[in-house]
$ cat run-v1.tsv   # TSV, C-alpha atoms and all ligand atoms
chain	number	residue	atom	x	y	z
A	1	ILE	CA	79.79	99.62	101.06
A	2	PRO	CA	77.31	97.11	99.60
A	3	VAL	CA	78.71	95.52	96.46
A	4	VAL	CA	77.11	93.78	93.51
A	5	VAL	CA	79.37	91.85	91.15
A	6	HIS	CA	78.03	91.46	87.62
A	7	ILE	CA	79.77	88.60	85.81
A	8	ILE	CA	79.34	89.32	82.10
A	9	HIS	CA	80.24	86.02	80.44
A	10	ASN	CA	79.84	84.50	76.99
A	11	GLY	CA	77.71	81.48	77.79
A	12	GLU	CA	80.42	79.44	79.54
A	13	SER	CA	79.53	77.20	82.48
A	14	VAL	CA	80.16	78.66	85.93
A	15	GLY	CA	83.87	78.30	86.69
A	16	VAL	CA	84.90	78.23	83.01
A	17	GLY	CA	86.65	81.09	81.18
A	18	GLY	CA	85.16	84.50	81.97
A	19	ASN	CA	82.30	82.99	83.97
A	20	ILE	CA	84.51	82.83	87.05
A	21	SER	CA	83.47	80.85	90.11
A	22	ASP	CA	81.85	82.19	93.26
A	23	ASP	CA	84.98	81.24	95.22
A	24	GLN	CA	87.16	83.35	92.91
A	25	ILE	CA	84.80	86.31	93.37
A	26	LEU	CA	84.86	85.84	97.16
A	27	SER	CA	88.66	85.84	97.07
A	28	GLN	CA	88.57	89.28	95.44
A	29	ILE	CA	86.24	90.84	98.00
A	30	ASP	CA	88.47	89.43	100.74
A	31	VAL	CA	91.46	91.20	99.13
A	32	LEU	CA	89.53	94.49	98.99
A	33	ASN	CA	88.71	94.27	102.69
A	34	GLU	CA	92.29	93.49	103.62
A	35	ASP	CA	93.82	96.21	101.45
A	36	PHE	CA	91.39	98.96	102.50
A	37	ARG	CA	91.82	98.07	106.20
A	38	ARG	CA	95.59	97.55	105.93
A	39	LEU	CA	95.10	93.96	107.02
A	40	ASN	CA	97.02	92.67	103.99
A	41	ALA	CA	99.61	90.06	104.94
A	42	ASP	CA	102.30	91.91	102.96
A	43	ALA	CA	101.79	95.21	104.85
A	44	SER	CA	105.02	94.36	106.68
A	45	THR	CA	106.94	94.61	103.39
A	46	THR	CA	106.13	98.32	102.97
A	47	PRO	CA	109.54	100.06	103.03
A	48	ALA	CA	110.37	101.59	106.42
A	49	VAL	CA	110.48	105.08	104.94
A	50	PHE	CA	106.82	104.74	103.87
A	51	GLN	CA	105.49	102.96	106.96
A	52	PRO	CA	104.65	106.24	108.78
A	53	VAL	CA	102.22	107.29	106.01
A	54	ALA	CA	100.70	103.84	105.36
A	55	SER	CA	96.99	104.04	106.04
A	56	ASP	CA	93.98	102.03	107.11
A	57	ILE	CA	91.31	103.59	104.85
A	58	ASP	CA	88.68	102.26	107.28
A	59	ILE	CA	86.16	101.24	104.63
A	60	GLU	CA	84.80	97.72	104.22
A	61	PHE	CA	82.91	95.99	101.41
A	62	VAL	CA	80.04	93.54	101.79
A	63	PHE	CA	78.08	91.61	99.21
A	64	ALA	CA	74.59	93.03	98.80
A	65	LYS	CA	71.99	91.07	100.75
A	66	ARG	CA	68.93	92.63	99.04
A	67	ASP	CA	68.51	93.25	95.34
A	68	PRO	CA	66.89	96.49	94.06
A	69	GLU	CA	63.43	94.91	94.49
A	70	GLY	CA	64.21	94.03	98.11
A	71	LEU	CA	64.54	90.31	97.45
A	72	PRO	CA	67.31	88.21	98.99
A	73	THR	CA	70.53	88.02	96.98
A	74	TYR	CA	74.13	87.03	97.62
A	75	GLY	CA	75.44	89.93	95.52
A	76	ILE	CA	76.62	88.06	92.43
A	77	ASN	CA	74.73	88.46	89.18
A	78	ARG	CA	75.63	86.34	86.14
A	79	VAL	CA	74.62	87.59	82.69
A	80	ASN	CA	75.38	86.15	79.26
A	81	GLY	CA	76.61	89.19	77.32
A	82	GLY	CA	76.77	87.24	74.07
A	83	ARG	CA	80.32	88.16	73.07
A	84	SER	CA	83.87	87.20	73.93
A	85	THR	CA	85.60	90.59	74.33
A	86	TRP	CA	84.60	94.05	75.54
A	87	PHE	CA	86.34	97.31	74.67
A	88	LEU	CA	86.33	100.76	76.28
A	89	VAL	CA	83.89	102.02	73.67
A	90	ASP	CA	81.45	99.36	74.91
A	91	ASN	CA	81.29	100.99	78.37
A	92	TYR	CA	77.58	101.85	78.18
A	93	ASP	CA	76.51	98.64	76.43
A	94	LEU	CA	78.37	96.50	78.97
A	95	LYS	CA	76.97	98.27	82.00
A	96	THR	CA	73.39	98.44	80.78
A	97	LEU	CA	73.32	94.64	80.48
A	98	SER	CA	73.06	94.56	84.26
A	99	ASN	CA	73.03	97.51	86.61
A	100	TRP	CA	71.86	98.20	90.16
A	101	PRO	CA	71.21	101.76	91.47
A	102	SER	CA	74.56	103.40	92.20
A	103	GLU	CA	73.06	105.30	95.16
A	104	ASP	CA	72.66	101.98	96.95
A	105	TYR	CA	75.39	99.71	95.60
A	106	MET	CA	78.92	99.76	94.28
A	107	ASN	CA	78.62	98.08	90.89
A	108	ILE	CA	81.54	95.90	89.79
A	109	TRP	CA	81.41	94.49	86.27
A	110	VAL	CA	83.73	91.61	85.43
A	111	ALA	CA	84.24	90.82	81.75
A	112	SER	CA	86.90	89.74	79.28
A	113	LEU	CA	88.46	93.07	78.27
A	114	GLY	CA	90.26	94.03	75.08
A	115	ASP	CA	92.32	97.20	74.53
A	116	ASP	CA	95.09	95.82	76.81
A	117	PHE	CA	93.17	97.19	79.82
A	118	LEU	CA	93.05	95.40	83.16
A	119	GLY	CA	90.18	97.54	84.31
A	120	TYR	CA	88.77	101.04	84.54
A	121	ALA	CA	86.70	103.13	86.93
A	122	GLN	CA	84.40	106.14	86.97
A	123	PHE	CA	85.58	109.00	89.21
A	124	PRO	CA	83.20	110.29	91.91
A	125	ILE	CA	81.71	113.78	91.84
A	126	SER	CA	83.49	116.03	94.36
A	127	ASP	CA	85.04	119.51	94.43
A	128	ILE	CA	88.44	118.25	95.60
A	129	GLY	CA	91.24	118.62	93.04
A	130	GLY	CA	91.69	116.13	90.25
A	131	LEU	CA	88.10	115.05	89.79
A	132	GLU	CA	87.04	117.72	87.30
A	133	THR	CA	86.39	115.09	84.63
A	134	ALA	CA	84.03	113.01	86.77
A	135	SER	CA	80.97	111.82	84.89
A	136	ASN	CA	77.50	112.60	86.21
A	137	SER	CA	76.11	109.39	84.70
A	138	ALA	CA	74.66	107.25	87.49
A	139	ILE	CA	74.11	104.28	85.20
A	140	THR	CA	77.82	103.90	84.39
A	141	ASP	CA	79.02	104.52	87.97
A	142	GLY	CA	81.27	101.75	89.25
A	143	ILE	CA	84.29	99.76	88.13
A	144	VAL	CA	85.08	97.27	85.38
A	145	VAL	CA	87.74	94.59	85.84
A	146	ASP	CA	89.08	91.98	83.45
A	147	ALA	CA	88.03	88.45	84.38
A	148	PHE	CA	91.70	87.39	84.21
A	149	ALA	CA	92.72	89.96	86.86
A	150	PHE	CA	89.79	89.48	89.29
A	151	GLY	CA	90.51	87.38	92.36
A	152	SER	CA	93.59	86.10	94.15
A	153	VAL	CA	95.60	82.90	93.66
A	154	ASP	CA	96.77	83.27	97.27
A	155	LYS	CA	93.21	82.78	98.48
A	156	TYR	CA	91.86	80.69	95.59
A	157	PRO	CA	94.71	78.80	93.87
A	158	PRO	CA	92.65	77.46	90.91
A	159	ALA	CA	91.99	81.02	89.68
A	160	ASN	CA	93.14	81.48	86.07
A	161	LEU	CA	94.79	84.89	86.31
A	162	ASP	CA	97.53	86.84	84.57
A	163	PRO	CA	100.65	86.04	86.66
A	164	ARG	CA	101.50	89.73	87.03
A	165	TYR	CA	98.01	90.57	88.27
A	166	ASN	CA	96.95	87.52	90.23
A	167	LEU	CA	96.59	88.89	93.78
A	168	GLY	CA	93.51	91.08	93.35
A	169	ARG	CA	95.28	94.43	93.30
A	170	THR	CA	93.70	95.54	89.99
A	171	THR	CA	90.36	95.77	91.77
A	172	THR	CA	91.94	97.54	94.77
A	173	HIS	CA	93.40	100.05	92.27
A	174	GLU	CA	90.10	100.61	90.45
A	175	VAL	CA	88.10	100.99	93.66
A	176	GLY	CA	90.71	103.57	94.70
A	177	HIS	CA	89.84	105.56	91.55
A	178	TYR	CA	86.11	105.05	92.16
A	179	LEU	CA	86.58	106.64	95.60
A	180	GLY	CA	88.57	109.61	94.24
A	181	LEU	CA	92.25	108.68	93.92
A	182	ARG	CA	94.43	109.78	91.02
A	183	HIS	CA	97.45	107.82	89.74
A	184	ILE	CA	100.39	108.62	92.03
A	185	TRP	CA	102.48	109.99	89.12
A	186	GLY	CA	99.66	112.44	88.38
A	187	ASP	CA	99.33	111.17	84.79
A	188	GLY	CA	102.09	113.58	83.78
A	189	GLY	CA	105.66	114.75	84.43
A	190	CYS	CA	107.27	115.57	87.80
A	191	GLY	CA	105.06	118.64	88.14
A	192	ALA	CA	101.80	116.72	87.64
A	193	ASP	CA	100.00	116.17	90.93
A	194	ASP	CA	98.00	113.37	92.45
A	195	PHE	CA	96.85	115.90	95.10
A	196	CYS	CA	98.53	113.88	97.87
A	197	ALA	CA	101.63	115.34	99.54
A	198	ASP	CA	102.72	112.03	101.04
A	199	THR	CA	103.07	110.15	97.73
A	200	PRO	CA	106.45	111.09	96.17
A	201	ALA	CA	106.25	112.76	92.76
A	202	SER	CA	107.02	110.59	89.76
A	203	SER	CA	106.85	111.09	86.03
A	204	SER	CA	105.48	107.75	84.91
A	205	ALA	CA	103.85	104.53	85.99
A	206	ASN	CA	106.01	101.68	87.27
A	207	GLU	CA	105.02	98.79	85.12
A	208	GLY	CA	106.35	95.38	84.26
A	209	ALA	CA	110.08	95.71	85.01
A	210	LEU	CA	110.23	95.70	88.80
A	211	GLY	CA	111.37	92.12	89.13
A	212	ASP	CA	111.45	91.19	92.79
A	213	CYS	CA	110.11	94.58	93.99
A	214	THR	CA	113.48	95.55	95.46
A	215	PHE	CA	113.40	98.98	97.10
A	216	PRO	CA	114.63	101.52	96.24
A	217	GLY	CA	113.59	101.24	92.62
A	218	PRO	CA	113.13	104.12	90.19
A	219	SER	CA	113.72	107.65	91.43
A	220	ARG	CA	112.33	109.80	88.65
A	221	CYS	CA	111.71	113.13	90.38
A	222	GLY	CA	114.40	113.38	93.06
A	223	SER	CA	112.98	110.88	95.55
A	224	ASP	CA	112.30	107.17	95.54
A	225	ASP	CA	109.11	106.22	93.72
A	226	MET	CA	106.41	104.67	95.92
A	227	PHE	CA	105.81	101.81	93.50
A	228	GLN	CA	104.25	99.83	96.37
A	229	ASN	CA	101.21	102.11	96.22
A	230	TYR	CA	98.03	100.47	94.93
A	231	ILE	CA	97.49	103.43	92.59
A	232	ASP	CA	100.67	102.76	90.62
A	233	PHE	CA	100.83	100.11	87.81
A	234	SER	CA	103.28	97.74	89.53
A	235	ASN	CA	102.85	93.99	89.56
A	236	ASP	CA	100.39	92.88	92.24
A	237	VAL	CA	103.10	91.27	94.37
A	238	CYS	CA	104.87	94.65	94.73
A	239	MET	CA	101.79	96.56	95.95
A	240	ASN	CA	100.98	96.93	99.63
A	241	LEU	CA	99.78	100.39	100.71
A	242	PHE	CA	97.52	103.40	100.52
A	243	THR	CA	98.66	106.59	102.28
A	244	GLU	CA	97.12	108.94	104.85
A	245	ASP	CA	96.57	111.67	102.25
A	246	GLN	CA	94.84	109.16	99.97
A	247	LYS	CA	92.62	108.28	102.93
A	248	THR	CA	91.77	111.95	103.38
A	249	ARG	CA	90.64	112.17	99.73
A	250	ILE	CA	88.52	109.05	100.02
A	251	ARG	CA	86.93	110.10	103.30
A	252	THR	CA	86.19	113.56	101.87
A	253	VAL	CA	84.49	112.02	98.84
A	254	MET	CA	82.50	109.66	101.03
A	255	ASP	CA	81.41	112.50	103.36
B	1	ZN	ZN	94.39	103.51	87.17
B	2	CA	CA	102.08	113.16	95.45
$ encode --input "run-v1.tsv" --output "structure tokens"
Amino acid sequence: IPVVVHIIHNGESVGVGGNISDDQILSQIDVLNEDFRRLNADASTTPAVFQPVASDIDIEFVFAKRDPEGLPTYGINRVNGGRSTWFLVDNYDLKTLSNWPSEDYMNIWVASLGDDFLGYAQFPISDIGGLETASNSAITDGIVVDAFAFGSVDKYPPANLDPRYNLGRTTTHEVGHYLGLRHIWGDGGCGADDFCADTPASSSANEGALGDCTFPGPSRCGSDDMFQNYIDFSNDVCMNLFTEDQKTRIRTVMD
């Protein structure tokens, strides 16, 4: 999937504040390619009970090599957005600052986000369950990630990232949504579905209190929560898998 990364900064020099460096951006795309191919170094820490369903999604991401006019590019586009913080209600204004056709590129916008959000995504249009609210707006198609959760300190140690979200898994999570995945707790109680049989039911996100990621952790609906799934809210260090049923959703959307 060709990717364009729009860095929406506030006039800082490259490498300062929200105008993150090229190396930090590269570290994030490397994480995406590892996580979606199950080449992540921490794949071995997936609990044994979940190893049989852990999946190589078999999708890779490359920086765009041609811009919409056909001119050479390296897939990173820096724009001064003229403000320090962006909120969910600014979705359209943020994305119309810089936008490449969503038929040809996956648009990633990186900005300093308010609202206590690490990022958000637009669902794809498909008739599989759980995507009924997908938008048909091409211009807003893509993902938005906070500049302080974009990149990996493992691959680029100088990155200034929130210590809970410093391994690039926010972007893995948002791209999962962009390709059709729902939160594994189904955004509801034990009966709410993420439309994947191989992700155990849960009744809420796992967020903040997982400490050293010791398994088993919470068991909210009669089986151990799969808090290692990228589509939970766990700290980055605890995340390490997609499942086979999640792959089926993504491949169906892509087809
Ligand atoms: Zn989410
Ligand atoms: Ca499930």
$ closest_residue --input "run-v1.tsv" --among "A:His9, A:His177, A:Lys247, A:Lys95" --to "Ile59 of chain A" --atoms "only C-alpha atoms"
A:Lys247
$ residues_around --input "run-v1.tsv" --residues "segment 186-196 of chain A" --least-positions-apart "6" --cutoff "7 Å" --atoms "only C-alpha atoms" --output "CSV table (one decimal) with C-alpha atoms, in the frame of the given file"
chain,number,residue,atom,x,y,z
A,129,GLY,CA,91.2,118.6,93.0
A,202,SER,CA,107.0,110.6,89.8
A,203,SER,CA,106.8,111.1,86.0
A,204,SER,CA,105.5,107.8,84.9
A,221,CYS,CA,111.7,113.1,90.4
A,245,ASP,CA,96.6,111.7,102.2
A,246,GLN,CA,94.8,109.2,100.0
$ residues_near_ligand --input "run-v1.tsv" --ligand "ligand ZN 1 (chain B)" --cutoff "7 Å" --atoms "only C-alpha atoms and all ligand atoms" --output "ChimeraX atom specification"
/A:120,173-174,177,183,231
$ residues_near_point --input "run-v1.tsv" --point "(88.9, 90.2, 84.6)" --cutoff "7 Å" --atoms "only C-alpha atoms" --output "ChimeraX atom specification"
/A:110-113,118,145-150
$ write_last_selection --input "run-v1.tsv" --atoms "C-alpha atoms" --output "short mmCIF file (atom, residue, chain, number, x, y, z; two decimals), in the coordinates of the input"
data_model
loop_
_atom_site.label_atom_id
_atom_site.label_comp_id
_atom_site.auth_asym_id
_atom_site.auth_seq_id
_atom_site.Cartn_x
_atom_site.Cartn_y
_atom_site.Cartn_z
CA VAL A 110 83.73 91.61 85.43
CA ALA A 111 84.24 90.82 81.75
CA SER A 112 86.90 89.74 79.28
CA LEU A 113 88.46 93.07 78.27
CA LEU A 118 93.05 95.40 83.16
CA VAL A 145 87.74 94.59 85.84
CA ASP A 146 89.08 91.98 83.45
CA ALA A 147 88.03 88.45 84.38
CA PHE A 148 91.70 87.39 84.21
CA ALA A 149 92.72 89.96 86.86
CA PHE A 150 89.79 89.48 89.29
#
$ residues_around --input "run-v1.tsv" --residues "Val5 of chain A" --least-positions-apart "4" --cutoff "7 Å" --atoms "all atoms listed in the file" --output "ChimeraX atom specification"
/A:75-77,107-109
$ axis_aligned_box --input "run-v1.tsv" --around "segment 172-188 of chain A" --padding-each-side "6 Å" --output "lines of an AutoDock Vina configuration file"
center_x = 94.3
center_y = 105.6
center_z = 89.7
size_x = 28.4
size_y = 28.0
size_z = 23.8
$ residues_around --input "run-v1.tsv" --residues "Asp224 of chain A" --least-positions-apart "2" --cutoff "10 Å" --atoms "all atoms listed in the file" --output "list in words"
Val49, Thr199, Pro200, Ala201, Ser202, Phe215, Pro216, Gly217, Pro218, Ser219, Arg220, Cys221, Gly222, Met226 and Phe227 of chain A
$ closest_residue --input "run-v1.tsv" --among "A:Gly151, A:Gly130, A:Gly119, A:Gly168" --to "ligand CA 2 (chain B)" --atoms "all atoms listed in the file"
A:Gly130
$ residues_around --input "run-v1.tsv" --residues "Ala121 of chain A" --least-positions-apart "6" --cutoff "9 Å" --atoms "only C-alpha atoms" --output "JSON, numbers by chain"
{"A": [141, 142, 143, 144, 145, 174, 175, 176, 177, 178]}
$ atom_distance --input "run-v1.tsv" --atom1 "atom CA of Asp255 of chain A" --atom2 "atom CA of Val31 of chain A"
23.9 Å
$ closest_residue --input "run-v1.tsv" --among "A:Val4, A:Ile25, A:Arg37, A:Ser55" --to "Pro68 of chain A" --atoms "all atoms listed in the file"
A:Val4
$ atom_distance --input "run-v1.tsv" --atom1 "atom CA of Ser27 of chain A" --atom2 "atom CA of Lys155 of chain A"
5.7 Å
$ build_atoms --input "run-v1.tsv" --residues "segment 90-101 of chain A" --atoms "all heavy atoms" --output "PDB file, in the coordinates of the input"
ATOM      1  N   ASP A  90      82.660 100.115  74.556  1.00  0.00           N
ATOM      2  CA  ASP A  90      81.450  99.360  74.910  1.00  0.00           C
ATOM      3  C   ASP A  90      80.967  99.675  76.319  1.00  0.00           C
ATOM      4  O   ASP A  90      80.068  98.985  76.833  1.00  0.00           O
ATOM      5  CB  ASP A  90      81.722  97.855  74.803  1.00  0.00           C
ATOM      6  CG  ASP A  90      82.214  97.441  73.436  1.00  0.00           C
ATOM      7  OD1 ASP A  90      81.670  97.947  72.438  1.00  0.00           O
ATOM      8  OD2 ASP A  90      83.147  96.614  73.365  1.00  0.00           O
ATOM      9  N   ASN A  91      81.578 100.675  76.966  1.00  0.00           N
ATOM     10  CA  ASN A  91      81.290 100.990  78.370  1.00  0.00           C
ATOM     11  C   ASN A  91      79.789 100.970  78.677  1.00  0.00           C
ATOM     12  O   ASN A  91      79.329 100.276  79.585  1.00  0.00           O
ATOM     13  CB  ASN A  91      81.892 102.359  78.701  1.00  0.00           C
ATOM     14  CG  ASN A  91      81.740 102.735  80.163  1.00  0.00           C
ATOM     15  OD1 ASN A  91      81.859 101.889  81.047  1.00  0.00           O
ATOM     16  ND2 ASN A  91      81.482 104.011  80.417  1.00  0.00           N
ATOM     17  N   TYR A  92      79.020 101.727  77.904  1.00  0.00           N
ATOM     18  CA  TYR A  92      77.580 101.850  78.180  1.00  0.00           C
ATOM     19  C   TYR A  92      76.858 100.532  77.915  1.00  0.00           C
ATOM     20  O   TYR A  92      76.030 100.086  78.717  1.00  0.00           O
ATOM     21  CB  TYR A  92      76.992 102.983  77.334  1.00  0.00           C
ATOM     22  CG  TYR A  92      75.559 103.293  77.655  1.00  0.00           C
ATOM     23  CD1 TYR A  92      75.212 104.111  78.724  1.00  0.00           C
ATOM     24  CD2 TYR A  92      74.525 102.751  76.881  1.00  0.00           C
ATOM     25  CE1 TYR A  92      73.895 104.380  79.030  1.00  0.00           C
ATOM     26  CE2 TYR A  92      73.203 103.016  77.173  1.00  0.00           C
ATOM     27  CZ  TYR A  92      72.889 103.838  78.247  1.00  0.00           C
ATOM     28  OH  TYR A  92      71.570 104.091  78.546  1.00  0.00           O
ATOM     29  N   ASP A  93      77.188  99.891  76.788  1.00  0.00           N
ATOM     30  CA  ASP A  93      76.510  98.640  76.430  1.00  0.00           C
ATOM     31  C   ASP A  93      76.775  97.552  77.470  1.00  0.00           C
ATOM     32  O   ASP A  93      75.876  96.791  77.840  1.00  0.00           O
ATOM     33  CB  ASP A  93      76.989  98.147  75.066  1.00  0.00           C
ATOM     34  CG  ASP A  93      76.492  99.041  73.930  1.00  0.00           C
ATOM     35  OD1 ASP A  93      75.562  99.829  74.171  1.00  0.00           O
ATOM     36  OD2 ASP A  93      77.058  98.946  72.827  1.00  0.00           O
ATOM     37  N   LEU A  94      78.012  97.503  77.950  1.00  0.00           N
ATOM     38  CA  LEU A  94      78.370  96.500  78.970  1.00  0.00           C
ATOM     39  C   LEU A  94      77.577  96.732  80.244  1.00  0.00           C
ATOM     40  O   LEU A  94      76.963  95.814  80.796  1.00  0.00           O
ATOM     41  CB  LEU A  94      79.880  96.599  79.261  1.00  0.00           C
ATOM     42  CG  LEU A  94      80.404  95.728  80.406  1.00  0.00           C
ATOM     43  CD1 LEU A  94      80.445  94.265  79.992  1.00  0.00           C
ATOM     44  CD2 LEU A  94      81.791  96.184  80.835  1.00  0.00           C
ATOM     45  N   LYS A  95      77.550  97.980  80.691  1.00  0.00           N
ATOM     46  CA  LYS A  95      76.970  98.270  82.000  1.00  0.00           C
ATOM     47  C   LYS A  95      75.438  98.213  81.977  1.00  0.00           C
ATOM     48  O   LYS A  95      74.818  97.905  83.000  1.00  0.00           O
ATOM     49  CB  LYS A  95      77.463  99.626  82.488  1.00  0.00           C
ATOM     50  CG  LYS A  95      78.961  99.589  82.817  1.00  0.00           C
ATOM     51  CD  LYS A  95      79.516 100.960  83.147  1.00  0.00           C
ATOM     52  CE  LYS A  95      80.964 100.859  83.611  1.00  0.00           C
ATOM     53  NZ  LYS A  95      81.558 102.194  83.862  1.00  0.00           N
ATOM     54  N   THR A  96      74.841  98.495  80.837  1.00  0.00           N
ATOM     55  CA  THR A  96      73.390  98.440  80.780  1.00  0.00           C
ATOM     56  C   THR A  96      72.862  97.019  80.640  1.00  0.00           C
ATOM     57  O   THR A  96      71.662  96.792  80.748  1.00  0.00           O
ATOM     58  CB  THR A  96      72.835  99.339  79.657  1.00  0.00           C
ATOM     59  OG1 THR A  96      73.514  99.036  78.440  1.00  0.00           O
ATOM     60  CG2 THR A  96      73.014 100.801  79.992  1.00  0.00           C
ATOM     61  N   LEU A  97      73.756  96.041  80.442  1.00  0.00           N
ATOM     62  CA  LEU A  97      73.320  94.640  80.480  1.00  0.00           C
ATOM     63  C   LEU A  97      72.806  94.276  81.868  1.00  0.00           C
ATOM     64  O   LEU A  97      71.922  93.435  82.022  1.00  0.00           O
ATOM     65  CB  LEU A  97      74.495  93.710  80.154  1.00  0.00           C
ATOM     66  CG  LEU A  97      74.886  93.541  78.693  1.00  0.00           C
ATOM     67  CD1 LEU A  97      76.184  92.755  78.617  1.00  0.00           C
ATOM     68  CD2 LEU A  97      73.780  92.836  77.925  1.00  0.00           C
ATOM     69  N   SER A  98      73.390  94.891  82.879  1.00  0.00           N
ATOM     70  CA  SER A  98      73.060  94.560  84.260  1.00  0.00           C
ATOM     71  C   SER A  98      73.559  95.699  85.127  1.00  0.00           C
ATOM     72  O   SER A  98      74.736  96.061  85.063  1.00  0.00           O
ATOM     73  CB  SER A  98      73.748  93.246  84.650  1.00  0.00           C
ATOM     74  OG  SER A  98      73.384  92.859  85.955  1.00  0.00           O
ATOM     75  N   ASN A  99      72.683  96.277  85.916  1.00  0.00           N
ATOM     76  CA  ASN A  99      73.030  97.510  86.610  1.00  0.00           C
ATOM     77  C   ASN A  99      72.092  97.715  87.786  1.00  0.00           C
ATOM     78  O   ASN A  99      70.876  97.665  87.629  1.00  0.00           O
ATOM     79  CB  ASN A  99      72.869  98.664  85.608  1.00  0.00           C
ATOM     80  CG  ASN A  99      73.246  99.999  86.187  1.00  0.00           C
ATOM     81  OD1 ASN A  99      72.592 100.494  87.094  1.00  0.00           O
ATOM     82  ND2 ASN A  99      74.299 100.579  85.656  1.00  0.00           N
ATOM     83  N   TRP A 100      72.671  97.913  88.978  1.00  0.00           N
ATOM     84  CA  TRP A 100      71.860  98.200  90.160  1.00  0.00           C
ATOM     85  C   TRP A 100      72.085  99.653  90.560  1.00  0.00           C
ATOM     86  O   TRP A 100      73.158 100.199  90.298  1.00  0.00           O
ATOM     87  CB  TRP A 100      72.222  97.246  91.298  1.00  0.00           C
ATOM     88  CG  TRP A 100      71.774  95.824  91.056  1.00  0.00           C
ATOM     89  CD1 TRP A 100      71.252  95.311  89.892  1.00  0.00           C
ATOM     90  CD2 TRP A 100      71.814  94.744  91.993  1.00  0.00           C
ATOM     91  NE1 TRP A 100      70.966  93.982  90.049  1.00  0.00           N
ATOM     92  CE2 TRP A 100      71.298  93.600  91.322  1.00  0.00           C
ATOM     93  CE3 TRP A 100      72.236  94.633  93.311  1.00  0.00           C
ATOM     94  CZ2 TRP A 100      71.195  92.360  91.961  1.00  0.00           C
ATOM     95  CZ3 TRP A 100      72.136  93.401  93.938  1.00  0.00           C
ATOM     96  CH2 TRP A 100      71.614  92.277  93.276  1.00  0.00           C
ATOM     97  N   PRO A 101      71.101 100.312  91.205  1.00  0.00           N
ATOM     98  CA  PRO A 101      71.210 101.760  91.470  1.00  0.00           C
ATOM     99  C   PRO A 101      72.497 102.127  92.216  1.00  0.00           C
ATOM    100  O   PRO A 101      72.783 101.584  93.281  1.00  0.00           O
ATOM    101  CB  PRO A 101      69.975 102.056  92.313  1.00  0.00           C
ATOM    102  CG  PRO A 101      68.999 100.995  91.927  1.00  0.00           C
ATOM    103  CD  PRO A 101      69.830  99.757  91.674  1.00  0.00           C
TER     104      PRO A 101
END
